[in-house]
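These notes concern the structure reproduced below.
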Amino acid sequence: MRSLILITFFTLLPLALSTTSSKRGLCHVPSPDHPSDDTIWTSTPNSDLTWYYNYKYEPSSAYASILSLQYVPMLWGASDSDTGTPFLDSVTAQIKAGANISYVLGFNEPDGTSATGGSQIEPGLAARTWIREVEPLRELGVRLGAPAVTGSPGGWEWLVKWFEECKGGCNPDFMPVHWYGGFEGLASHVGQAMGTYPNMTIWVTEYGYPNQNLKDTQSFFNTSMEWFDRIENITHYSYFGAFRSSVSNIGPNSAMLTQSGKLTDIGSWYLGGVATNNIPNKSSAATSSHVPLHLCFVSTAQTASSGEFWDARWCGLRSLL
């Protein structure tokens, strides 16, 4: 049944061969232990990166003066105790100061729990906060990203409730998508987003294939990136892997940097370069590419739709944010 759905999905989607990689962005949290790593993403000649986000209101200091890399602010979460409009005020001030802010991102995995890195926001609170903090940016010409829910079925359910709570007051322009699993599941999930929200473009702001061997990880990476570049309605995407393999919470083979901070094949390909043959390892002292699965994960056999990947993969990232 899933194969039939996927075949139908590919048949119906509009395809547009891409001659550039302007869709490609960077999902990046600056490294406190290795600040020199932050410059890798902007020092590579002819890099394909055009935009980035860091889960925050304001740009990372390492990229604040780099005009070729457009910053996309994010309102990560919300609380009942929040007062005022700090996100709105910050973005407005940046624009008035001359910043090129064309887009903002909404809440990060609001259907996920705080224990797994989600912002854990009730749809009603998220709706009230959005109307106060995000919707007014439309008047400044900023295009608005909907809340980026997890890839579990609960994510779609949360979005339905959020739109109901908004009562017409929330009008996002594009739908961010997160996915951690194989390519078939990724394509099906994106297809569901397109079918459910046909009037929005799609941004895939986090994706990866956790804890797989190097060959399968690279195959997934190349297949998904080529597909994103061909699908007209996917306008932006950012691979989750801009960190060293020794701190990766989705498995060392997914990382774009080795344990010593060198670009892996995936890292170089993502920047528009050639294979480096640098093998990522889990430990900075490791010498073999065969590493054990990250202890945070329950099992690589779990399907992403079960939600167990989502709960598990964040256990390491929390220390980075």
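The chains in the structure tokens are called A, B, ... from first to last as shown; in each chain the residues are counted from 1, and the ligands are counted from 1 in the order shown.
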Using only C-alpha atoms, which residues sit within 12 Å of region 161-174 of chain A once same-chain residues fewer than 6 positions away are excluded, as number ranges by chain?
A: 102-107, 110-111, 121-138, 141-149, 154-155, 193-194, 197-205, 233-236
In region 52-289 of chain A, DSSP helix (DSSP H, G or I) residues written as a PyMOL selection string:
chain A and resi 61-63+86-96+114-116+123-133+135-140+153-166+183-196+214-230+245-247+252-254+265-270
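For region 61-68 of chain A, the residues within 10 Å (counting only C-alpha atoms, excluding itself and residues fewer than 4 positions away along the chain) are Pro30, Pro35, Ser36, Asp38, Thr39, Trp41, Thr42, Ser47, Leu49, Thr50, Trp51, Tyr52, Ala99 and Asn100 of chain A.
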Using only C-alpha atoms, find the one residue out of A:Tyr207, A:Trp76, A:Trp156, A:Tyr270 that sits nearest to Trp179 (chain A).
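Closest to Trp179 (chain A), using only C-alpha atoms: A:Tyr207.
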Pick from A:Ser219, A:Asn253, A:Leu159, A:Gly25, whichever lies nearest to Gly182 (chain A) using only C-alpha atoms:
A:Ser219
